[in-house]
>>> print(open('start.cif').read())   # mmCIF, N, CA and C atoms
data_data
loop_
_atom_site.label_atom_id
_atom_site.label_comp_id
_atom_site.auth_asym_id
_atom_site.auth_seq_id
_atom_site.Cartn_x
_atom_site.Cartn_y
_atom_site.Cartn_z
N MET A 43 -19.10 -94.35 9.68
CA MET A 43 -18.16 -94.98 8.79
C MET A 43 -18.50 -94.60 7.34
N PRO A 44 -17.49 -94.20 6.54
CA PRO A 44 -17.76 -93.81 5.16
C PRO A 44 -18.35 -94.97 4.36
N LYS A 45 -19.24 -94.59 3.47
CA LYS A 45 -19.88 -95.57 2.61
C LYS A 45 -18.94 -95.94 1.46
N LYS A 46 -18.83 -97.21 1.17
CA LYS A 46 -17.99 -97.68 0.07
C LYS A 46 -18.73 -97.44 -1.24
N THR A 47 -18.04 -96.79 -2.18
CA THR A 47 -18.69 -96.54 -3.47
C THR A 47 -18.39 -97.70 -4.40
N LYS A 48 -19.42 -98.08 -5.13
CA LYS A 48 -19.28 -99.17 -6.08
C LYS A 48 -18.83 -98.60 -7.42
N LEU A 49 -17.89 -99.27 -8.06
CA LEU A 49 -17.42 -98.81 -9.36
C LEU A 49 -18.50 -99.01 -10.41
N SER A 50 -18.63 -98.04 -11.30
CA SER A 50 -19.62 -98.19 -12.37
C SER A 50 -19.13 -99.24 -13.35
N PRO A 51 -20.04 -99.81 -14.13
CA PRO A 51 -19.63 -100.86 -15.09
C PRO A 51 -18.57 -100.39 -16.08
N THR A 52 -18.58 -99.11 -16.42
CA THR A 52 -17.59 -98.62 -17.37
C THR A 52 -16.24 -98.37 -16.71
N THR A 53 -16.21 -98.21 -15.40
CA THR A 53 -14.97 -97.94 -14.68
C THR A 53 -14.13 -99.20 -14.48
N GLU A 54 -14.77 -100.31 -14.16
CA GLU A 54 -14.05 -101.55 -13.86
C GLU A 54 -13.19 -102.02 -15.04
N PRO A 55 -13.71 -102.06 -16.28
CA PRO A 55 -12.84 -102.47 -17.41
C PRO A 55 -11.67 -101.51 -17.63
N TYR A 56 -11.91 -100.21 -17.41
CA TYR A 56 -10.82 -99.24 -17.58
C TYR A 56 -9.76 -99.43 -16.49
N LYS A 57 -10.21 -99.74 -15.29
CA LYS A 57 -9.28 -100.01 -14.20
C LYS A 57 -8.41 -101.23 -14.54
N LYS A 58 -9.02 -102.25 -15.12
CA LYS A 58 -8.27 -103.44 -15.54
C LYS A 58 -7.26 -103.06 -16.63
N PHE A 59 -7.68 -102.22 -17.56
CA PHE A 59 -6.80 -101.73 -18.61
C PHE A 59 -5.58 -101.05 -17.99
N LEU A 60 -5.81 -100.15 -17.03
CA LEU A 60 -4.71 -99.42 -16.40
C LEU A 60 -3.77 -100.33 -15.62
N THR A 61 -4.30 -101.30 -14.91
CA THR A 61 -3.45 -102.17 -14.10
C THR A 61 -2.60 -103.11 -14.95
N ASN A 62 -3.02 -103.37 -16.19
CA ASN A 62 -2.25 -104.24 -17.08
C ASN A 62 -1.32 -103.48 -18.01
N LEU A 63 -1.31 -102.16 -17.87
CA LEU A 63 -0.51 -101.31 -18.76
C LEU A 63 0.93 -101.22 -18.28
N LYS A 64 1.85 -101.31 -19.22
CA LYS A 64 3.28 -101.19 -18.91
C LYS A 64 3.87 -100.08 -19.78
N PHE A 65 4.51 -99.12 -19.13
CA PHE A 65 5.17 -98.01 -19.82
C PHE A 65 6.55 -98.49 -20.26
N LEU A 66 6.81 -98.49 -21.58
CA LEU A 66 8.09 -98.98 -22.09
C LEU A 66 9.10 -97.87 -22.36
N GLY A 67 8.64 -96.67 -22.58
CA GLY A 67 9.60 -95.59 -22.80
C GLY A 67 8.99 -94.40 -23.50
N LEU A 68 9.71 -93.28 -23.42
CA LEU A 68 9.28 -92.03 -24.01
C LEU A 68 10.49 -91.35 -24.62
N GLY A 69 10.30 -90.72 -25.77
CA GLY A 69 11.42 -90.05 -26.41
C GLY A 69 11.00 -88.80 -27.15
N LEU A 70 11.98 -87.96 -27.39
CA LEU A 70 11.79 -86.74 -28.17
C LEU A 70 11.87 -87.11 -29.65
N ASP A 71 10.82 -86.85 -30.41
CA ASP A 71 10.80 -87.14 -31.83
C ASP A 71 11.30 -85.97 -32.67
N SER A 72 10.88 -84.76 -32.31
CA SER A 72 11.35 -83.59 -33.04
C SER A 72 11.14 -82.34 -32.19
N SER A 73 11.90 -81.32 -32.53
CA SER A 73 11.74 -80.03 -31.86
C SER A 73 12.26 -78.94 -32.77
N SER A 74 11.71 -77.76 -32.58
CA SER A 74 12.21 -76.59 -33.29
C SER A 74 12.03 -75.38 -32.38
N THR A 75 12.97 -74.47 -32.48
CA THR A 75 12.90 -73.24 -31.69
C THR A 75 13.25 -72.07 -32.58
N ASN A 76 12.75 -70.92 -32.20
CA ASN A 76 13.07 -69.72 -32.94
C ASN A 76 13.00 -68.54 -31.97
N VAL A 77 13.93 -67.60 -32.14
CA VAL A 77 13.91 -66.39 -31.33
C VAL A 77 14.28 -65.20 -32.22
N ASP A 78 13.51 -64.12 -32.10
CA ASP A 78 13.82 -62.88 -32.80
C ASP A 78 14.53 -61.99 -31.79
N ARG A 79 15.86 -62.01 -31.82
CA ARG A 79 16.65 -61.32 -30.81
C ARG A 79 16.50 -59.80 -30.84
N VAL A 80 16.27 -59.23 -32.02
CA VAL A 80 16.11 -57.77 -32.11
C VAL A 80 14.83 -57.34 -31.41
N VAL A 81 13.72 -58.01 -31.71
CA VAL A 81 12.44 -57.67 -31.06
C VAL A 81 12.52 -57.96 -29.57
N LEU A 82 13.18 -59.06 -29.21
CA LEU A 82 13.33 -59.40 -27.80
C LEU A 82 14.11 -58.31 -27.06
N ALA A 83 15.20 -57.84 -27.65
CA ALA A 83 16.01 -56.78 -27.02
C ALA A 83 15.20 -55.49 -26.90
N ASN A 84 14.45 -55.15 -27.94
CA ASN A 84 13.62 -53.94 -27.90
C ASN A 84 12.53 -54.05 -26.84
N THR A 85 11.94 -55.23 -26.72
CA THR A 85 10.89 -55.45 -25.72
C THR A 85 11.46 -55.31 -24.32
N ARG A 86 12.62 -55.90 -24.09
CA ARG A 86 13.27 -55.81 -22.77
C ARG A 86 13.64 -54.37 -22.43
N SER A 87 14.25 -53.66 -23.42
CA SER A 87 14.68 -52.28 -23.13
C SER A 87 13.48 -51.36 -22.90
N ALA A 88 12.33 -51.68 -23.48
CA ALA A 88 11.12 -50.88 -23.24
C ALA A 88 10.43 -51.27 -21.93
N GLY A 89 10.93 -52.34 -21.31
CA GLY A 89 10.36 -52.77 -20.04
C GLY A 89 9.04 -53.53 -20.17
N HIS A 90 8.74 -54.01 -21.35
CA HIS A 90 7.49 -54.75 -21.56
C HIS A 90 7.68 -56.24 -21.27
N ALA A 91 6.62 -56.85 -20.81
CA ALA A 91 6.64 -58.30 -20.56
C ALA A 91 6.18 -59.04 -21.81
N LEU A 92 6.62 -60.26 -21.95
CA LEU A 92 6.17 -61.11 -23.04
C LEU A 92 4.95 -61.90 -22.59
N GLU A 93 4.02 -62.09 -23.51
CA GLU A 93 2.81 -62.88 -23.23
C GLU A 93 3.05 -64.30 -23.72
N THR A 94 2.86 -65.28 -22.85
CA THR A 94 3.13 -66.68 -23.20
C THR A 94 1.86 -67.38 -23.64
N GLY A 95 1.95 -68.07 -24.77
CA GLY A 95 0.85 -68.89 -25.27
C GLY A 95 1.25 -70.36 -25.25
N PHE A 96 0.28 -71.22 -25.09
CA PHE A 96 0.57 -72.65 -24.95
C PHE A 96 -0.49 -73.46 -25.68
N GLY A 97 -0.03 -74.48 -26.42
CA GLY A 97 -0.94 -75.41 -27.07
C GLY A 97 -0.43 -76.82 -26.92
N ALA A 98 -1.36 -77.77 -26.79
CA ALA A 98 -0.99 -79.18 -26.64
C ALA A 98 -1.99 -80.06 -27.36
N GLU A 99 -1.48 -81.14 -27.92
CA GLU A 99 -2.34 -82.12 -28.58
C GLU A 99 -1.78 -83.51 -28.29
N TYR A 100 -2.68 -84.41 -27.91
CA TYR A 100 -2.31 -85.79 -27.60
C TYR A 100 -3.12 -86.70 -28.51
N LYS A 101 -2.42 -87.64 -29.17
CA LYS A 101 -3.17 -88.58 -30.00
C LYS A 101 -2.47 -89.92 -30.10
N VAL A 102 -3.29 -90.93 -30.36
CA VAL A 102 -2.79 -92.28 -30.54
C VAL A 102 -2.18 -92.35 -31.94
N LEU A 103 -0.90 -92.66 -32.03
CA LEU A 103 -0.21 -92.73 -33.32
C LEU A 103 -0.25 -94.13 -33.92
N ILE A 104 -0.07 -95.14 -33.07
CA ILE A 104 -0.05 -96.54 -33.51
C ILE A 104 -0.78 -97.36 -32.46
N GLN A 105 -1.62 -98.29 -32.91
CA GLN A 105 -2.24 -99.20 -31.97
C GLN A 105 -2.25 -100.61 -32.55
N GLU A 106 -1.69 -101.53 -31.79
CA GLU A 106 -1.71 -102.94 -32.14
C GLU A 106 -2.53 -103.66 -31.07
N SER A 107 -2.59 -104.97 -31.13
CA SER A 107 -3.42 -105.71 -30.17
C SER A 107 -2.89 -105.63 -28.74
N ASP A 108 -1.57 -105.49 -28.59
CA ASP A 108 -1.01 -105.51 -27.23
C ASP A 108 -0.10 -104.31 -26.92
N ARG A 109 0.02 -103.35 -27.83
CA ARG A 109 0.85 -102.17 -27.57
C ARG A 109 0.35 -101.00 -28.39
N PHE A 110 0.73 -99.81 -27.93
CA PHE A 110 0.33 -98.59 -28.64
C PHE A 110 1.33 -97.48 -28.37
N VAL A 111 1.31 -96.48 -29.25
CA VAL A 111 2.18 -95.31 -29.14
C VAL A 111 1.29 -94.08 -29.10
N ILE A 112 1.58 -93.21 -28.13
CA ILE A 112 0.87 -91.94 -28.02
C ILE A 112 1.85 -90.83 -28.35
N GLY A 113 1.40 -89.89 -29.17
CA GLY A 113 2.20 -88.72 -29.49
C GLY A 113 1.67 -87.51 -28.75
N ALA A 114 2.58 -86.68 -28.28
CA ALA A 114 2.21 -85.43 -27.60
C ALA A 114 2.95 -84.30 -28.29
N SER A 115 2.21 -83.37 -28.86
CA SER A 115 2.85 -82.22 -29.49
C SER A 115 2.50 -80.96 -28.71
N TYR A 116 3.50 -80.13 -28.55
CA TYR A 116 3.35 -78.90 -27.77
C TYR A 116 3.86 -77.72 -28.58
N SER A 117 3.21 -76.60 -28.40
CA SER A 117 3.64 -75.35 -29.02
C SER A 117 3.60 -74.27 -27.95
N ILE A 118 4.73 -73.61 -27.78
CA ILE A 118 4.84 -72.53 -26.79
C ILE A 118 5.34 -71.30 -27.53
N THR A 119 4.63 -70.20 -27.34
CA THR A 119 5.05 -68.94 -27.97
C THR A 119 5.13 -67.85 -26.92
N GLN A 120 5.99 -66.91 -27.18
CA GLN A 120 6.04 -65.70 -26.37
C GLN A 120 5.95 -64.53 -27.34
N LYS A 121 4.98 -63.65 -27.08
CA LYS A 121 4.74 -62.52 -27.97
C LYS A 121 4.93 -61.21 -27.23
N SER A 122 5.33 -60.22 -28.02
CA SER A 122 5.43 -58.85 -27.54
C SER A 122 4.23 -58.10 -28.09
N LYS A 123 3.70 -57.18 -27.31
CA LYS A 123 2.55 -56.43 -27.81
C LYS A 123 2.95 -55.50 -28.96
N ASP A 124 4.25 -55.30 -29.15
CA ASP A 124 4.75 -54.42 -30.21
C ASP A 124 5.04 -55.14 -31.53
N ALA A 125 4.91 -56.48 -31.54
CA ALA A 125 5.26 -57.24 -32.75
C ALA A 125 4.13 -58.21 -33.10
N PRO A 126 3.81 -58.33 -34.39
CA PRO A 126 2.72 -59.23 -34.79
C PRO A 126 3.11 -60.72 -34.71
N GLU A 127 4.36 -61.01 -34.91
CA GLU A 127 4.84 -62.40 -34.88
C GLU A 127 5.42 -62.74 -33.51
N PRO A 128 5.39 -64.02 -33.13
CA PRO A 128 5.99 -64.40 -31.84
C PRO A 128 7.48 -64.07 -31.79
N VAL A 129 7.93 -63.67 -30.62
CA VAL A 129 9.34 -63.37 -30.39
C VAL A 129 10.09 -64.68 -30.15
N VAL A 130 9.44 -65.60 -29.43
CA VAL A 130 10.01 -66.92 -29.14
C VAL A 130 8.98 -67.97 -29.52
N THR A 131 9.43 -69.01 -30.21
CA THR A 131 8.57 -70.14 -30.57
C THR A 131 9.31 -71.43 -30.24
N ILE A 132 8.60 -72.34 -29.56
CA ILE A 132 9.15 -73.66 -29.25
C ILE A 132 8.10 -74.70 -29.63
N ASN A 133 8.46 -75.61 -30.52
CA ASN A 133 7.59 -76.71 -30.91
C ASN A 133 8.28 -78.03 -30.57
N VAL A 134 7.54 -78.92 -29.92
CA VAL A 134 8.12 -80.18 -29.46
C VAL A 134 7.15 -81.32 -29.73
N LEU A 135 7.69 -82.46 -30.14
CA LEU A 135 6.89 -83.67 -30.32
C LEU A 135 7.58 -84.82 -29.61
N PHE A 136 6.85 -85.43 -28.67
CA PHE A 136 7.31 -86.61 -27.95
C PHE A 136 6.41 -87.79 -28.33
N SER A 137 6.92 -88.99 -28.18
CA SER A 137 6.06 -90.17 -28.29
C SER A 137 6.44 -91.15 -27.19
N ALA A 138 5.42 -91.91 -26.76
CA ALA A 138 5.62 -92.87 -25.68
C ALA A 138 5.01 -94.20 -26.09
N LEU A 139 5.71 -95.28 -25.74
CA LEU A 139 5.28 -96.64 -26.07
C LEU A 139 4.76 -97.33 -24.81
N PHE A 140 3.60 -97.96 -24.95
CA PHE A 140 2.97 -98.70 -23.86
C PHE A 140 2.64 -100.10 -24.34
N GLU A 141 2.62 -101.04 -23.40
CA GLU A 141 2.32 -102.43 -23.71
C GLU A 141 1.33 -102.95 -22.68
N SER A 142 0.53 -103.93 -23.09
CA SER A 142 -0.46 -104.49 -22.18
C SER A 142 -0.43 -106.01 -22.25
N ALA A 143 -0.70 -106.64 -21.11
CA ALA A 143 -0.76 -108.10 -21.04
C ALA A 143 -2.11 -108.61 -21.54
N VAL A 144 -3.09 -107.72 -21.67
CA VAL A 144 -4.41 -108.10 -22.18
C VAL A 144 -4.68 -107.36 -23.48
N SER A 145 -5.63 -107.87 -24.24
CA SER A 145 -6.00 -107.25 -25.51
C SER A 145 -6.53 -105.84 -25.24
N LEU A 146 -6.16 -104.90 -26.09
CA LEU A 146 -6.49 -103.49 -25.88
C LEU A 146 -7.81 -103.09 -26.51
N ASP A 147 -8.59 -102.36 -25.75
CA ASP A 147 -9.83 -101.76 -26.24
C ASP A 147 -9.47 -100.38 -26.78
N PRO A 148 -9.75 -100.09 -28.06
CA PRO A 148 -9.41 -98.78 -28.63
C PRO A 148 -10.00 -97.60 -27.85
N ALA A 149 -11.17 -97.77 -27.28
CA ALA A 149 -11.78 -96.69 -26.51
C ALA A 149 -10.97 -96.40 -25.24
N HIS A 150 -10.42 -97.44 -24.62
CA HIS A 150 -9.59 -97.24 -23.43
C HIS A 150 -8.28 -96.56 -23.79
N VAL A 151 -7.71 -96.95 -24.91
CA VAL A 151 -6.45 -96.33 -25.36
C VAL A 151 -6.68 -94.85 -25.64
N GLU A 152 -7.77 -94.52 -26.30
CA GLU A 152 -8.09 -93.13 -26.61
C GLU A 152 -8.32 -92.33 -25.32
N ARG A 153 -9.08 -92.90 -24.41
CA ARG A 153 -9.33 -92.23 -23.12
C ARG A 153 -8.02 -91.98 -22.38
N PHE A 154 -7.15 -92.97 -22.36
CA PHE A 154 -5.85 -92.85 -21.71
C PHE A 154 -5.01 -91.74 -22.35
N SER A 155 -5.06 -91.65 -23.68
CA SER A 155 -4.26 -90.64 -24.38
C SER A 155 -4.71 -89.22 -24.06
N GLN A 156 -5.98 -89.06 -23.68
CA GLN A 156 -6.51 -87.73 -23.38
C GLN A 156 -6.55 -87.42 -21.89
N SER A 157 -6.10 -88.36 -21.06
CA SER A 157 -6.15 -88.12 -19.62
C SER A 157 -4.82 -88.48 -18.95
N GLU A 158 -4.66 -89.71 -18.51
CA GLU A 158 -3.49 -90.10 -17.73
C GLU A 158 -2.16 -89.91 -18.47
N ALA A 159 -2.15 -90.07 -19.76
CA ALA A 159 -0.90 -89.93 -20.52
C ALA A 159 -0.29 -88.54 -20.36
N LYS A 160 -1.13 -87.53 -20.18
CA LYS A 160 -0.63 -86.17 -20.00
C LYS A 160 0.32 -86.08 -18.81
N LEU A 161 0.01 -86.84 -17.78
CA LEU A 161 0.85 -86.84 -16.58
C LEU A 161 2.23 -87.43 -16.84
N ILE A 162 2.31 -88.32 -17.80
CA ILE A 162 3.58 -88.95 -18.14
C ILE A 162 4.45 -88.02 -18.98
N PHE A 163 3.84 -87.32 -19.92
CA PHE A 163 4.60 -86.43 -20.81
C PHE A 163 5.06 -85.15 -20.13
N TRP A 164 4.26 -84.62 -19.21
CA TRP A 164 4.50 -83.28 -18.67
C TRP A 164 5.90 -83.07 -18.08
N PRO A 165 6.42 -83.97 -17.25
CA PRO A 165 7.77 -83.71 -16.71
C PRO A 165 8.85 -83.62 -17.79
N TYR A 166 8.70 -84.40 -18.86
CA TYR A 166 9.67 -84.34 -19.95
C TYR A 166 9.59 -82.98 -20.66
N LEU A 167 8.38 -82.49 -20.86
CA LEU A 167 8.21 -81.18 -21.48
C LEU A 167 8.78 -80.08 -20.59
N ARG A 168 8.47 -80.13 -19.30
CA ARG A 168 8.97 -79.11 -18.37
C ARG A 168 10.49 -79.04 -18.42
N PHE A 169 11.14 -80.19 -18.38
CA PHE A 169 12.60 -80.20 -18.42
C PHE A 169 13.10 -79.66 -19.76
N PHE A 170 12.50 -80.12 -20.85
CA PHE A 170 12.94 -79.68 -22.17
C PHE A 170 12.85 -78.17 -22.31
N VAL A 171 11.71 -77.59 -21.96
CA VAL A 171 11.50 -76.15 -22.11
C VAL A 171 12.46 -75.36 -21.22
N SER A 172 12.61 -75.79 -19.99
CA SER A 172 13.54 -75.12 -19.08
C SER A 172 14.97 -75.15 -19.64
N ASP A 173 15.37 -76.32 -20.10
CA ASP A 173 16.73 -76.50 -20.62
C ASP A 173 16.95 -75.71 -21.91
N ILE A 174 16.01 -75.81 -22.85
CA ILE A 174 16.22 -75.19 -24.16
C ILE A 174 16.18 -73.66 -24.06
N THR A 175 15.32 -73.12 -23.21
CA THR A 175 15.30 -71.65 -23.08
C THR A 175 16.59 -71.14 -22.43
N SER A 176 17.12 -71.92 -21.53
CA SER A 176 18.41 -71.56 -20.94
C SER A 176 19.51 -71.59 -22.01
N ARG A 177 19.51 -72.62 -22.84
CA ARG A 177 20.52 -72.74 -23.90
C ARG A 177 20.37 -71.69 -24.99
N MET A 178 19.14 -71.17 -25.14
CA MET A 178 18.89 -70.12 -26.13
C MET A 178 19.34 -68.76 -25.62
N SER A 179 19.80 -68.70 -24.38
CA SER A 179 20.22 -67.44 -23.74
C SER A 179 19.10 -66.41 -23.72
N ILE A 180 17.92 -66.90 -23.36
CA ILE A 180 16.78 -66.02 -23.14
C ILE A 180 16.31 -66.28 -21.71
N ASP A 181 15.35 -65.50 -21.22
CA ASP A 181 14.83 -65.74 -19.87
C ASP A 181 14.31 -67.17 -19.81
N GLN A 182 14.80 -67.90 -18.84
CA GLN A 182 14.41 -69.30 -18.70
C GLN A 182 12.91 -69.39 -18.44
N LEU A 183 12.23 -70.22 -19.21
CA LEU A 183 10.80 -70.42 -19.06
C LEU A 183 10.56 -71.66 -18.21
N LEU A 184 9.90 -71.47 -17.09
CA LEU A 184 9.60 -72.57 -16.18
C LEU A 184 8.11 -72.84 -16.23
N LEU A 185 7.73 -74.01 -16.70
CA LEU A 185 6.33 -74.38 -16.74
C LEU A 185 5.89 -74.83 -15.35
N PRO A 186 4.60 -74.66 -15.03
CA PRO A 186 4.12 -75.09 -13.71
C PRO A 186 4.19 -76.61 -13.56
N LEU A 187 4.00 -77.08 -12.34
CA LEU A 187 4.08 -78.52 -12.06
C LEU A 187 2.94 -79.30 -12.70
N THR A 188 1.82 -78.68 -12.93
CA THR A 188 0.66 -79.36 -13.49
C THR A 188 0.51 -79.00 -14.96
N PHE A 189 -0.13 -79.90 -15.71
CA PHE A 189 -0.32 -79.64 -17.13
C PHE A 189 -1.55 -78.80 -17.40
N GLU A 190 -2.27 -78.39 -16.37
CA GLU A 190 -3.44 -77.53 -16.55
C GLU A 190 -2.99 -76.08 -16.64
N PHE A 191 -2.06 -75.82 -17.54
CA PHE A 191 -1.41 -74.52 -17.70
C PHE A 191 -2.30 -73.62 -18.56
N LYS A 192 -2.64 -72.48 -18.03
CA LYS A 192 -3.41 -71.49 -18.78
C LYS A 192 -2.56 -70.25 -18.89
N ALA A 193 -2.05 -69.99 -20.07
CA ALA A 193 -1.18 -68.83 -20.27
C ALA A 193 -2.01 -67.56 -20.41
#
>>> encode(input="start.cif", output="structure tokens")
Amino acid sequence: MPKKTKLSPTTEPYKKFLTNLKFLGLGLDSSSTNVDRVVLANTRSAGHALETGFGAEYKVLIQESDRFVIGASYSITQKSKDAPEPVVTINVLFSALFESAVSLDPAHVERFSQSEAKLIFWPYLRFFVSDITSRMSIDQLLLPLTFEFKA
């Protein structure tokens, strides 16, 4: 029979934090896109592939005694080996509001912003990038299902 593992003292309070957390909503705060169509056309006609770069940052924007806001900013670039500047640039900022029935520990909020919160933001980013690249009339960019994306 498998041995039951005991939670460490630091895990139990975080587990309580998670079980009392309520997700109130997530929204797009800002976005910007840019495409250099001439370089893109030249890259395509030469048969070269674009190299995709990805950056993400998660931080606590607001924290009160019973609620907090986490911001997630993403930067996606596609570069051609023939051009010094990115051919495609997508910058996105989302924020999400959470509430708790118990008083919030700032260390738990910070830990959450750097771990579990990523799972909440990722589907919104995937949809946004897929949709916006389609609307830009460029090759649709599909991000993987997981946020552990290494371009």
>>> residues_around(input="start.cif", residues="Phe163 (chain A)", least_positions_apart="4", cutoff="8 Å", atoms="only N, CA and C atoms", output="JSON list (two decimals) with N, CA and C atoms, in the frame of the given file")
[["chain", "number", "residue", "atom", "x", "y", "z"],
["A", 68, "LEU", "N", 9.71, -93.28, -23.42],
["A", 68, "LEU", "CA", 9.28, -92.03, -24.01],
["A", 68, "LEU", "C", 10.49, -91.35, -24.62],
["A", 114, "ALA", "N", 2.58, -86.68, -28.28],
["A", 114, "ALA", "CA", 2.21, -85.43, -27.60],
["A", 114, "ALA", "C", 2.95, -84.30, -28.29],
["A", 136, "PHE", "N", 6.85, -85.43, -28.67],
["A", 136, "PHE", "CA", 7.31, -86.61, -27.95],
["A", 136, "PHE", "C", 6.41, -87.79, -28.33],
["A", 158, "GLU", "N", -4.66, -89.71, -18.51],
["A", 158, "GLU", "CA", -3.49, -90.10, -17.73],
["A", 158, "GLU", "C", -2.16, -89.91, -18.47],
["A", 159, "ALA", "N", -2.15, -90.07, -19.76],
["A", 159, "ALA", "CA", -0.90, -89.93, -20.52],
["A", 159, "ALA", "C", -0.29, -88.54, -20.36],
["A", 167, "LEU", "N", 8.38, -82.49, -20.86],
["A", 167, "LEU", "CA", 8.21, -81.18, -21.48],
["A", 167, "LEU", "C", 8.78, -80.08, -20.59],
["A", 168, "ARG", "N", 8.47, -80.13, -19.30],
["A", 168, "ARG", "CA", 8.97, -79.11, -18.37],
["A", 168, "ARG", "C", 10.49, -79.04, -18.42]]
>>> residues_around(input="start.cif", residues="His90 (chain A)", least_positions_apart="4", cutoff="8 Å", atoms="all atoms listed in the file", output="PyMOL selection string")
chain A and resi 84-86+122-123
>>> atom_distance(input="start.cif", atom1="atom C of Val77 (chain A)", atom2="atom N of Leu135 (chain A)")
18.6 Å
>>> resolve_selection(input="start.cif", expression="the PyMOL selection byres ((chain A and resi 70) around 8)", output="count of residues only")
10
>>> select_by_dssp(input="start.cif", residues="chain A", states="alpha helix (DSSP H)", output="number ranges by chain")
A: 53-61, 79-87, 148-155, 158-177
>>> residues_around(input="start.cif", residues="Ser107 (chain A)", least_positions_apart="5", cutoff="10 Å", atoms="only C-alpha atoms", output="list in words")
Glu141, Ser142, Ala143, Val144, Ser145, Leu146, Asp147 and Pro148 of chain A
>>> residues_around(input="start.cif", residues="Phe169 (chain A)", least_positions_apart="4", cutoff="12 Å", atoms="only C-alpha atoms", output="MDAnalysis selection string")
chainID A and resid 70 134 163:165 173:176 182:187
